file work14.txt (compact mmCIF, C-alpha atoms)
# COMPACT_ATOMS: atom_id res chain seq x y z
CA MET A 1 20.87 93.06 -40.19
CA ASN A 2 20.23 96.59 -38.98
CA ALA A 3 16.49 95.88 -38.89
CA GLU A 4 17.13 92.86 -36.66
CA VAL A 5 19.28 94.92 -34.27
CA SER A 6 16.62 97.65 -34.22
CA LEU A 7 13.91 95.07 -33.44
CA ASN A 8 15.95 93.62 -30.60
CA LEU A 9 16.64 97.10 -29.22
CA ASP A 10 12.97 98.00 -29.48
CA THR A 11 12.02 94.84 -27.63
CA LEU A 12 14.57 95.56 -24.92
CA MET A 13 13.39 99.14 -24.51
CA ALA A 14 9.77 98.01 -24.27
CA ALA A 15 10.70 95.49 -21.60
CA LEU A 16 12.63 98.09 -19.62
CA ARG A 17 9.70 100.51 -19.80
CA ALA A 18 7.33 97.79 -18.62
CA ALA A 19 9.53 96.94 -15.65
CA ALA A 20 10.19 100.54 -14.64
CA GLU A 21 7.21 100.94 -12.31
CA PRO A 22 7.10 100.13 -8.56
CA THR A 23 4.15 97.72 -8.60
CA ARG A 24 5.44 95.89 -11.66
CA LEU A 25 8.88 95.54 -10.09
CA ARG A 26 7.22 93.99 -7.04
CA LEU A 27 5.27 91.62 -9.30
CA LEU A 28 8.46 90.54 -11.06
CA ALA A 29 10.15 89.89 -7.72
CA LEU A 30 7.22 87.77 -6.52
CA CYS A 31 6.67 85.80 -9.73
CA GLY A 32 10.39 85.13 -9.91
CA GLN A 33 10.01 83.15 -6.68
CA ALA A 34 6.77 81.25 -7.29
CA GLU A 35 3.87 80.65 -9.66
CA LEU A 36 1.07 82.86 -8.36
CA THR A 37 -2.55 83.60 -9.22
CA VAL A 38 -4.09 87.06 -9.50
CA THR A 39 -5.93 86.48 -6.24
CA GLU A 40 -2.71 85.59 -4.41
CA LEU A 41 -0.88 88.57 -5.89
CA THR A 42 -3.75 90.85 -4.90
CA GLN A 43 -3.51 89.60 -1.32
CA ILE A 44 0.24 90.13 -1.21
CA LEU A 45 0.30 93.59 -2.81
CA GLY A 46 -2.82 94.89 -1.08
CA GLN A 47 -4.12 96.33 -4.35
CA SER A 48 -7.34 95.84 -6.31
CA GLN A 49 -7.66 92.92 -8.69
CA PRO A 50 -8.25 95.11 -11.79
CA ARG A 51 -5.10 97.10 -11.03
CA VAL A 52 -2.98 93.99 -10.51
CA SER A 53 -4.42 92.35 -13.63
CA ARG A 54 -3.58 95.45 -15.70
CA HIS A 55 0.05 95.39 -14.53
CA LEU A 56 0.30 91.66 -15.20
CA LYS A 57 -1.04 92.15 -18.72
CA LEU A 58 1.65 94.74 -19.46
CA LEU A 59 4.40 92.50 -18.13
CA CYS A 60 3.18 89.57 -20.21
CA GLU A 61 2.98 91.71 -23.34
CA ALA A 62 6.58 92.81 -22.74
CA GLY A 63 7.77 89.19 -22.49
CA LEU A 64 8.72 89.48 -18.82
CA LEU A 65 6.03 87.14 -17.43
CA GLU A 66 3.97 84.34 -18.88
CA ARG A 67 0.35 83.57 -18.09
CA VAL A 68 -0.42 79.87 -17.76
CA PRO A 69 -4.19 79.23 -17.81
CA GLU A 70 -5.42 76.16 -16.00
CA GLY A 71 -9.14 75.60 -15.70
CA THR A 72 -10.70 78.68 -14.11
CA TRP A 73 -7.33 79.73 -12.67
CA ALA A 74 -4.27 81.28 -14.28
CA PHE A 75 -0.73 81.24 -12.92
CA TYR A 76 1.85 83.95 -13.59
CA ARG A 77 5.53 83.10 -13.64
CA VAL A 78 8.90 83.99 -15.13
CA GLY A 79 9.24 81.32 -17.83
CA GLU A 80 12.77 80.23 -18.60
CA ARG A 81 12.12 80.42 -22.33
CA LEU A 82 10.75 83.95 -22.26
CA SER A 83 12.83 86.50 -24.14
CA GLY A 84 12.75 88.78 -21.10
CA ALA A 85 13.73 86.15 -18.52
CA PRO A 86 17.42 87.23 -18.38
CA LEU A 87 16.32 90.84 -17.90
CA VAL A 88 13.95 89.86 -15.06
CA ARG A 89 16.75 87.98 -13.29
CA ALA A 90 19.13 90.90 -13.72
CA VAL A 91 16.64 93.53 -12.53
CA THR A 92 15.35 91.57 -9.53
CA ALA A 93 18.94 90.83 -8.46
CA LEU A 94 19.44 94.60 -8.13
CA LEU A 95 16.41 95.15 -5.89
CA PRO A 96 17.46 96.37 -2.41
CA SER A 97 17.22 93.56 0.15
CA GLY A 98 16.44 95.96 3.00
CA ASP A 99 13.51 97.71 1.32
CA ALA A 100 10.49 97.74 3.66
CA THR A 101 7.90 97.21 0.90
CA LEU A 102 9.76 94.28 -0.66
CA SER A 103 10.31 92.73 2.76
CA ARG A 104 6.59 92.96 3.49
CA ASP A 105 5.83 91.35 0.12
CA ALA A 106 8.22 88.52 0.96
CA GLU A 107 6.51 87.95 4.31
CA ARG A 108 3.09 87.85 2.67
CA LEU A 109 4.36 85.48 -0.01
CA LEU A 110 5.60 83.18 2.73
CA ALA A 111 2.15 83.35 4.33
CA VAL A 112 0.52 82.40 1.02
CA LYS A 113 2.85 79.41 0.67
CA ARG A 114 2.15 78.35 4.24
CA ALA A 115 -1.59 78.56 3.62
CA ARG A 116 -1.20 76.32 0.57
CA ALA A 117 0.86 73.82 2.53
CA ASP A 118 -1.58 73.88 5.45
CA ALA A 119 -4.53 73.20 3.15
CA ALA A 120 -2.79 70.23 1.55
CA GLU A 121 -1.60 68.87 4.88
CA ALA A 122 -5.07 69.23 6.40
CA TYR A 123 -6.48 67.23 3.52
CA PHE A 124 -3.88 64.51 3.98
CA ARG A 125 -4.52 64.45 7.72
CA ASP A 126 -8.30 64.20 7.30
CA ASN A 127 -8.08 61.52 4.63
CA ALA A 128 -5.04 59.46 5.63
CA PRO A 129 -7.00 56.33 6.67
CA ARG A 130 -8.85 56.15 3.33
CA TRP A 131 -6.23 57.60 0.99
CA SER A 132 -5.96 54.43 -1.12
CA GLN A 133 -9.74 54.39 -1.51
CA ILE A 134 -9.81 58.02 -2.71
CA ARG A 135 -7.12 57.36 -5.31
CA SER A 136 -9.02 54.36 -6.65
CA LEU A 137 -11.97 56.61 -7.52
CA TYR A 138 -9.96 58.33 -10.25
CA VAL A 139 -7.70 55.72 -11.79
CA ASP A 140 -7.12 51.98 -11.77
CA GLU A 141 -4.14 51.81 -9.42
CA GLN A 142 -3.29 48.26 -10.42
CA GLN A 143 -2.59 49.42 -13.96
CA VAL A 144 -0.32 52.16 -12.65
CA GLU A 145 1.50 49.79 -10.31
CA THR A 146 2.06 47.30 -13.14
CA ALA A 147 3.43 50.03 -15.42
CA VAL A 148 5.82 51.32 -12.74
CA ALA A 149 6.95 47.81 -11.81
CA SER A 150 7.69 47.07 -15.49
CA LEU A 151 10.09 50.03 -15.57
CA ILE A 152 11.87 48.92 -12.40
CA ALA A 153 11.96 45.16 -13.00
CA GLY A 154 15.16 43.84 -14.55
CA ARG A 155 17.20 46.85 -13.48
CA LYS A 156 19.80 46.82 -10.73
CA VAL A 157 18.12 48.86 -8.02
CA ALA A 158 20.13 48.77 -4.84
CA ASP A 159 18.49 51.93 -3.48
CA LEU A 160 15.04 53.28 -4.34
CA LEU A 161 13.41 56.52 -3.19
CA ASP A 162 9.62 56.96 -3.11
CA ILE A 163 8.85 60.69 -2.88
CA GLY A 164 5.43 61.39 -1.41
CA THR A 165 5.06 57.77 -0.38
CA GLY A 166 1.60 58.27 1.12
CA THR A 167 0.35 54.91 2.37
CA GLY A 168 3.58 53.21 1.27
CA ARG A 169 1.71 51.20 -1.34
CA LEU A 170 4.42 51.44 -4.03
CA LEU A 171 7.04 50.30 -1.55
CA GLU A 172 4.95 47.18 -1.00
CA VAL A 173 4.47 46.56 -4.73
CA LEU A 174 8.10 47.15 -5.67
CA ALA A 175 9.71 45.39 -2.68
CA PRO A 176 10.86 42.39 -4.77
CA HIS A 177 12.71 44.72 -7.16
CA PHE A 178 14.97 46.69 -4.82
CA GLU A 179 17.51 45.92 -2.11
CA ARG A 180 16.71 48.96 0.02
CA ALA A 181 14.15 51.74 -0.15
CA ILE A 182 13.16 54.92 1.60
CA GLY A 183 9.73 56.48 1.36
CA VAL A 184 9.40 60.16 2.29
CA ASP A 185 6.32 62.22 2.99
CA LEU A 186 5.59 65.53 4.69
CA SER A 187 2.51 64.25 6.51
CA ARG A 188 3.13 62.42 9.76
CA GLU A 189 -0.37 60.92 9.54
CA MET A 190 0.39 59.41 6.13
CA LEU A 191 3.71 58.08 7.43
CA ALA A 192 1.89 56.42 10.31
CA VAL A 193 -0.36 54.64 7.80
CA ALA A 194 2.65 53.65 5.66
CA ARG A 195 4.55 52.21 8.62
CA THR A 196 1.53 50.16 9.61
CA ASN A 197 1.09 48.85 6.06
CA LEU A 198 4.76 47.92 5.65
CA GLU A 199 4.82 46.14 8.99
CA ARG A 200 1.63 44.27 8.13
CA ALA A 201 3.13 43.19 4.78
CA GLY A 202 6.32 42.01 6.49
CA ILE A 203 8.54 44.31 4.42
CA ARG A 204 11.87 44.85 6.16
CA ASN A 205 13.94 46.39 3.37
CA ALA A 206 12.01 49.67 3.27
CA GLN A 207 11.65 52.53 5.72
CA VAL A 208 9.75 55.81 5.74
CA ARG A 209 10.63 59.22 7.11
CA GLN A 210 9.33 62.75 7.12
CA ALA A 211 10.92 65.01 4.52
CA ASP A 212 10.21 67.93 2.22
CA MET A 213 10.36 66.96 -1.46
CA TYR A 214 11.93 70.36 -2.26
CA ASN A 215 14.78 69.81 0.21
CA LEU A 216 15.44 66.10 0.62
CA PRO A 217 17.74 65.33 3.59
CA LEU A 218 19.59 62.80 1.47
CA PRO A 219 23.00 62.73 -0.22
CA ALA A 220 23.40 63.48 -3.92
CA GLN A 221 23.94 60.46 -6.18
CA SER A 222 22.61 58.04 -3.58
CA PHE A 223 19.71 56.30 -5.37
CA ASP A 224 19.35 54.13 -8.47
CA ALA A 225 15.68 55.03 -8.92
CA ALA A 226 13.26 57.64 -7.61
CA ILE A 227 9.49 57.69 -7.94
CA VAL A 228 7.12 60.64 -7.66
CA HIS A 229 3.68 59.05 -7.65
CA GLN A 230 0.55 61.24 -7.75
CA VAL A 231 2.33 64.05 -5.88
CA LEU A 232 3.11 66.80 -8.37
CA HIS A 233 -0.50 67.97 -8.71
CA TYR A 234 -0.25 69.10 -5.07
CA ALA A 235 3.09 70.82 -5.62
CA ASP A 236 3.56 74.57 -5.58
CA GLU A 237 6.71 74.19 -7.71
CA PRO A 238 6.64 70.89 -9.66
CA GLY A 239 9.81 71.66 -11.61
CA LYS A 240 11.74 72.26 -8.43
CA ALA A 241 10.55 68.92 -7.05
CA ILE A 242 11.83 67.14 -10.17
CA THR A 243 15.19 68.92 -9.91
CA GLU A 244 15.57 67.83 -6.30
CA ALA A 245 14.65 64.25 -7.20
CA ALA A 246 17.24 64.30 -9.98
CA ARG A 247 19.89 65.51 -7.54
CA VAL A 248 19.78 62.33 -5.49
CA LEU A 249 19.99 60.01 -8.52
CA ARG A 250 23.22 58.28 -9.44
CA PRO A 251 24.43 58.64 -13.05
CA GLY A 252 22.22 56.33 -15.08
CA GLY A 253 19.59 56.41 -12.34
CA GLN A 254 15.94 56.52 -13.32
CA LEU A 255 13.20 58.95 -12.32
CA ILE A 256 9.59 57.82 -12.70
CA VAL A 257 6.83 60.41 -12.44
CA VAL A 258 3.18 59.36 -12.24
CA ASP A 259 0.44 61.96 -12.50
CA PHE A 260 -2.62 63.06 -14.40
CA ALA A 261 -2.70 64.32 -17.96
CA PRO A 262 -4.30 67.78 -18.31
CA HIS A 263 -8.00 67.82 -17.36
CA ASP A 264 -10.72 70.24 -16.31
CA LEU A 265 -12.17 68.66 -13.16
CA GLU A 266 -12.24 71.76 -10.98
CA PHE A 267 -13.77 69.89 -8.03
CA LEU A 268 -10.44 68.14 -7.48
CA ARG A 269 -8.91 71.52 -6.78
CA LYS A 270 -11.81 72.72 -4.64
CA ASP A 271 -12.55 69.54 -2.68
CA HIS A 272 -9.23 67.67 -2.75
CA ALA A 273 -6.56 70.40 -2.61
CA HIS A 274 -5.14 69.69 -6.08
CA ARG A 275 -2.89 72.61 -7.01
CA ARG A 276 -2.56 71.65 -10.68
CA LEU A 277 -5.08 70.01 -13.01
CA GLY A 278 -2.63 67.63 -14.63
CA PHE A 279 0.51 68.13 -16.72
CA SER A 280 1.35 67.98 -20.40
CA ASP A 281 4.10 65.73 -21.72
CA ALA A 282 5.96 68.79 -23.01
CA GLU A 283 5.90 70.45 -19.58
CA VAL A 284 7.25 67.40 -17.77
CA ARG A 285 9.86 66.85 -20.49
CA GLN A 286 11.09 70.44 -20.11
CA TRP A 287 11.45 70.06 -16.33
CA CYS A 288 13.38 66.81 -16.75
CA ILE A 289 15.81 68.26 -19.28
CA ALA A 290 16.41 71.28 -17.05
CA ALA A 291 17.21 68.89 -14.19
CA GLY A 292 19.88 67.05 -16.18
CA LEU A 293 17.67 64.11 -17.11
CA GLU A 294 17.13 62.41 -20.45
CA PRO A 295 13.36 61.94 -20.93
CA GLY A 296 11.97 58.69 -22.31
CA GLN A 297 8.66 57.93 -23.99
CA PRO A 298 5.71 58.46 -21.63
CA ILE A 299 3.15 55.75 -20.99
CA ALA A 300 -0.53 56.77 -21.19
CA LEU A 301 -3.11 54.90 -19.11
CA PRO A 302 -6.57 56.15 -20.15
CA GLY A 303 -9.18 56.19 -17.42
CA GLN A 304 -12.66 57.44 -16.71
CA PRO A 305 -12.66 60.36 -16.46
CA LEU A 306 -8.94 60.91 -15.85
CA THR A 307 -5.93 59.68 -17.79
CA VAL A 308 -2.72 58.89 -15.95
CA HIS A 309 0.69 59.34 -17.57
CA VAL A 310 3.87 57.61 -16.46
CA TRP A 311 6.95 59.62 -17.40
CA ARG A 312 10.45 58.12 -17.27
CA ALA A 313 13.76 59.97 -17.39
CA THR A 314 17.38 58.91 -16.88
CA ARG A 315 20.12 60.83 -15.12
CA ARG A 316 22.82 61.79 -17.60
CA ALA A 317 26.33 60.75 -16.59
CA SER A 318 27.69 64.19 -17.54
CA ALA A 319 25.08 66.15 -15.59
CA THR A 320 26.33 68.52 -12.89
CA LEU A 321 25.10 67.56 -9.44
CA SER A 322 24.63 69.68 -6.33
CA PRO A 323 26.82 69.28 -3.24
CA VAL A 324 26.10 66.31 -1.02
CA LYS A 325 23.64 66.81 1.85
CA LYS A 326 23.73 64.86 5.08
CA ILE A 327 21.03 62.34 5.91
CA VAL A 328 18.83 63.57 8.73
CA ALA A 329 16.52 61.07 10.35
CA ALA A 330 12.93 62.17 10.92

call {"tool": "encode", "arguments": {"input": "work14.txt", "output": "structure tokens"}}
result
Amino acid sequence: MNAEVSLNLDTLMAALRAAAEPTRLRLLALCGQAELTVTELTQILGQSQPRVSRHLKLLCEAGLLERVPEGTWAFYRVGERLSGAPLVRAVTALLPSGDATLSRDAERLLAVKRARADAAEAYFRDNAPRWSQIRSLYVDEQQVETAVASLIAGRKVADLLDIGTGTGRLLEVLAPHFERAIGVDLSREMLAVARTNLERAGIRNAQVRQADMYNLPLPAQSFDAAIVHQVLHYADEPGKAITEAARVLRPGGQLIVVDFAPHDLEFLRKDHAHRRLGFSDAEVRQWCIAAGLEPGQPIALPGQPLTVHVWRATRRASATLSPVKKIVAA
């Protein structure tokens, strides 16, 4: 028993020593707010890449950060399951809010996030008219639509939410299975395409509006089903998007996530603004559980060269929900 206490104390002391350095404290503050690459952290801190990499290595070895490799990139974050995660939260909560260096870091972090968002939005804007065509290059969309429809059909879906609706295609496909639906997207160009498609299809029980998937202007417990279709690989914080989707689900409501399984096609990141190269079942399951959802068995749809997974999760009746937000029309 004494050996176990000594080991725990040694681990704690090592973590405290690792954190007790100005640059490493700044790194903990930044990675506690977002998943960031070495290049992004170098830009924010204004330090050389070798120096930043050395500090990151020490923080990872101390259990304060985790390195998540993905293709030729690697993201650094404060993982919830890390032994040092509680210490990181406690230390960063004590950092002075008025410190000039930390304030500058926060401003640069915001600039990095804006640059990411601008790149994704520019891609959407440039490709809005042929978005459906681009998607068809990577996966048979009819298979995906059939799989999603099979999960919705037969359920009582008075209200459905399509997050990242794009061209509004899923609203068209699922129209017979819901009473009312809202499709949200951040891109006005994509919404313009969706509105045109819905009008052309004569669908009157669905509407689209501009909204941020991280901060949906919709009340809690207001939907029977929510769909996140081929959106998360663009997301800066996929887990946060799932948590926000879960917030608007009624108890017993169903979340359906459609995205790629892990792959190594770097050109999708370079040429098509993909932030993530797919997701593992374990990763999506962890996000769902953290959001108060009960994960189901995923559906795999093998393709050439990409495989699409359809994940399903149900809102637990006992889950704690956030306060209600007011609906704000776009």

call {"tool": "closest_residue", "arguments": {"input": "work14.txt", "among": "A:Leu174, A:Ala225, A:Leu12, A:Leu110", "to": "A:Lys156", "atoms": "only C-alpha atoms"}}
result
A:Ala225

call {"tool": "closest_residue", "arguments": {"input": "work14.txt", "among": "A:Leu306, A:Ala194, A:Ile163, A:Leu82", "to": "A:Tyr138", "atoms": "only C-alpha atoms"}}
result
A:Leu306

call {"tool": "closest_residue", "arguments": {"input": "work14.txt", "among": "A:Val173, A:Leu36, A:Ala100, A:Leu56", "to": "A:Trp73", "atoms": "only C-alpha atoms"}}
result
A:Leu36

call {"tool": "residues_near_point", "arguments": {"input": "work14.txt", "point": "(-0.4, 51.8, 7.5)", "cutoff": "12 Å", "atoms": "all atoms listed in the file", "output": "number ranges by chain"}}
result
A: 128-132, 165-169, 171-172, 188-202, 208

call {"tool": "residues_around", "arguments": {"input": "work14.txt", "residues": "stretch 262-264 of chain A", "least_positions_apart": "6", "cutoff": "10 Å", "atoms": "all atoms listed in the file", "output": "list in words"}}
result
Glu70, Gly71, Thr72, Arg276, Leu277, Gly278, Phe279, Ser280, Asp281, Pro305, Leu306, Thr307, Val308 and His309 of chain A

call {"tool": "residues_around", "arguments": {"input": "work14.txt", "residues": "A:Thr243", "least_positions_apart": "3", "cutoff": "6 Å", "atoms": "all atoms listed in the file", "output": "list of chain:residue names"}}
result
A:Lys240, A:Ala246, A:Ala291

call {"tool": "closest_residue", "arguments": {"input": "work14.txt", "among": "A:Glu107, A:Asp162, A:Glu283, A:Asp126", "to": "A:Val248", "atoms": "all atoms listed in the file"}}
result
A:Asp162

call {"tool": "build_atoms", "arguments": {"input": "work14.txt", "residues": "stretch 286-297 of chain A", "atoms": "all heavy atoms", "output": "PDB file, in the frame of the given file"}}
result
ATOM      1  N   GLN A 286      10.275  69.248 -20.308  1.00  0.00           N
ATOM      2  CA  GLN A 286      11.090  70.440 -20.110  1.00  0.00           C
ATOM      3  C   GLN A 286      11.715  70.450 -18.717  1.00  0.00           C
ATOM      4  O   GLN A 286      12.888  70.773 -18.546  1.00  0.00           O
ATOM      5  CB  GLN A 286      10.244  71.688 -20.321  1.00  0.00           C
ATOM      6  CG  GLN A 286      11.007  72.993 -20.155  1.00  0.00           C
ATOM      7  CD  GLN A 286      10.126  74.200 -20.392  1.00  0.00           C
ATOM      8  OE1 GLN A 286       9.088  74.111 -21.036  1.00  0.00           O
ATOM      9  NE2 GLN A 286      10.532  75.337 -19.849  1.00  0.00           N
ATOM     10  N   TRP A 287      10.932  70.107 -17.696  1.00  0.00           N
ATOM     11  CA  TRP A 287      11.450  70.060 -16.330  1.00  0.00           C
ATOM     12  C   TRP A 287      12.562  69.018 -16.202  1.00  0.00           C
ATOM     13  O   TRP A 287      13.566  69.259 -15.537  1.00  0.00           O
ATOM     14  CB  TRP A 287      10.325  69.735 -15.351  1.00  0.00           C
ATOM     15  CG  TRP A 287       9.379  70.862 -15.111  1.00  0.00           C
ATOM     16  CD1 TRP A 287       9.657  72.196 -15.153  1.00  0.00           C
ATOM     17  CD2 TRP A 287       7.985  70.761 -14.804  1.00  0.00           C
ATOM     18  NE1 TRP A 287       8.529  72.935 -14.878  1.00  0.00           N
ATOM     19  CE2 TRP A 287       7.491  72.089 -14.657  1.00  0.00           C
ATOM     20  CE3 TRP A 287       7.115  69.689 -14.623  1.00  0.00           C
ATOM     21  CZ2 TRP A 287       6.160  72.350 -14.344  1.00  0.00           C
ATOM     22  CZ3 TRP A 287       5.795  69.948 -14.306  1.00  0.00           C
ATOM     23  CH2 TRP A 287       5.322  71.267 -14.175  1.00  0.00           C
ATOM     24  N   CYS A 288      12.373  67.873 -16.840  1.00  0.00           N
ATOM     25  CA  CYS A 288      13.380  66.810 -16.750  1.00  0.00           C
ATOM     26  C   CYS A 288      14.694  67.230 -17.403  1.00  0.00           C
ATOM     27  O   CYS A 288      15.775  67.032 -16.843  1.00  0.00           O
ATOM     28  CB  CYS A 288      12.849  65.528 -17.410  1.00  0.00           C
ATOM     29  SG  CYS A 288      11.550  64.690 -16.467  1.00  0.00           S
ATOM     30  N   ILE A 289      14.603  67.815 -18.573  1.00  0.00           N
ATOM     31  CA  ILE A 289      15.810  68.260 -19.280  1.00  0.00           C
ATOM     32  C   ILE A 289      16.542  69.312 -18.454  1.00  0.00           C
ATOM     33  O   ILE A 289      17.767  69.284 -18.323  1.00  0.00           O
ATOM     34  CB  ILE A 289      15.442  68.804 -20.673  1.00  0.00           C
ATOM     35  CG1 ILE A 289      14.957  67.669 -21.577  1.00  0.00           C
ATOM     36  CG2 ILE A 289      16.641  69.514 -21.304  1.00  0.00           C
ATOM     37  CD1 ILE A 289      14.432  68.123 -22.919  1.00  0.00           C
ATOM     38  N   ALA A 290      15.796  70.245 -17.875  1.00  0.00           N
ATOM     39  CA  ALA A 290      16.410  71.280 -17.050  1.00  0.00           C
ATOM     40  C   ALA A 290      17.103  70.703 -15.825  1.00  0.00           C
ATOM     41  O   ALA A 290      18.053  71.292 -15.297  1.00  0.00           O
ATOM     42  CB  ALA A 290      15.348  72.290 -16.613  1.00  0.00           C
ATOM     43  N   ALA A 291      16.635  69.534 -15.368  1.00  0.00           N
ATOM     44  CA  ALA A 291      17.210  68.890 -14.190  1.00  0.00           C
ATOM     45  C   ALA A 291      18.365  67.950 -14.525  1.00  0.00           C
ATOM     46  O   ALA A 291      18.892  67.275 -13.643  1.00  0.00           O
ATOM     47  CB  ALA A 291      16.124  68.109 -13.442  1.00  0.00           C
ATOM     48  N   GLY A 292      18.773  67.917 -15.791  1.00  0.00           N
ATOM     49  CA  GLY A 292      19.880  67.050 -16.180  1.00  0.00           C
ATOM     50  C   GLY A 292      19.457  65.624 -16.463  1.00  0.00           C
ATOM     51  O   GLY A 292      20.271  64.698 -16.363  1.00  0.00           O
ATOM     52  N   LEU A 293      18.199  65.452 -16.832  1.00  0.00           N
ATOM     53  CA  LEU A 293      17.670  64.110 -17.110  1.00  0.00           C
ATOM     54  C   LEU A 293      17.375  63.963 -18.593  1.00  0.00           C
ATOM     55  O   LEU A 293      17.053  64.939 -19.279  1.00  0.00           O
ATOM     56  CB  LEU A 293      16.387  63.875 -16.312  1.00  0.00           C
ATOM     57  CG  LEU A 293      16.483  63.977 -14.791  1.00  0.00           C
ATOM     58  CD1 LEU A 293      15.095  63.952 -14.172  1.00  0.00           C
ATOM     59  CD2 LEU A 293      17.330  62.836 -14.239  1.00  0.00           C
ATOM     60  N   GLU A 294      17.466  62.732 -19.069  1.00  0.00           N
ATOM     61  CA  GLU A 294      17.130  62.410 -20.450  1.00  0.00           C
ATOM     62  C   GLU A 294      15.758  61.765 -20.482  1.00  0.00           C
ATOM     63  O   GLU A 294      15.584  60.634 -20.034  1.00  0.00           O
ATOM     64  CB  GLU A 294      18.167  61.461 -21.050  1.00  0.00           C
ATOM     65  CG  GLU A 294      17.966  61.180 -22.534  1.00  0.00           C
ATOM     66  CD  GLU A 294      18.150  62.416 -23.393  1.00  0.00           C
ATOM     67  OE1 GLU A 294      19.068  63.224 -23.093  1.00  0.00           O
ATOM     68  OE2 GLU A 294      17.378  62.583 -24.359  1.00  0.00           O
ATOM     69  N   PRO A 295      14.725  62.479 -20.976  1.00  0.00           N
ATOM     70  CA  PRO A 295      13.360  61.940 -20.930  1.00  0.00           C
ATOM     71  C   PRO A 295      13.180  60.753 -21.882  1.00  0.00           C
ATOM     72  O   PRO A 295      13.773  60.697 -22.962  1.00  0.00           O
ATOM     73  CB  PRO A 295      12.488  63.120 -21.372  1.00  0.00           C
ATOM     74  CG  PRO A 295      13.378  64.322 -21.288  1.00  0.00           C
ATOM     75  CD  PRO A 295      14.762  63.831 -21.527  1.00  0.00           C
ATOM     76  N   GLY A 296      12.347  59.803 -21.464  1.00  0.00           N
ATOM     77  CA  GLY A 296      11.970  58.690 -22.310  1.00  0.00           C
ATOM     78  C   GLY A 296      10.547  58.885 -22.818  1.00  0.00           C
ATOM     79  O   GLY A 296       9.938  59.930 -22.627  1.00  0.00           O
ATOM     80  N   GLN A 297      10.013  57.864 -23.457  1.00  0.00           N
ATOM     81  CA  GLN A 297       8.660  57.930 -23.990  1.00  0.00           C
ATOM     82  C   GLN A 297       7.644  57.710 -22.872  1.00  0.00           C
ATOM     83  O   GLN A 297       7.713  56.733 -22.142  1.00  0.00           O
ATOM     84  CB  GLN A 297       8.472  56.844 -25.063  1.00  0.00           C
ATOM     85  CG  GLN A 297       7.177  56.930 -25.823  1.00  0.00           C
ATOM     86  CD  GLN A 297       7.096  58.175 -26.717  1.00  0.00           C
ATOM     87  OE1 GLN A 297       8.123  58.705 -27.148  1.00  0.00           O
ATOM     88  NE2 GLN A 297       5.890  58.636 -26.979  1.00  0.00           N
TER      89      GLN A 297
END
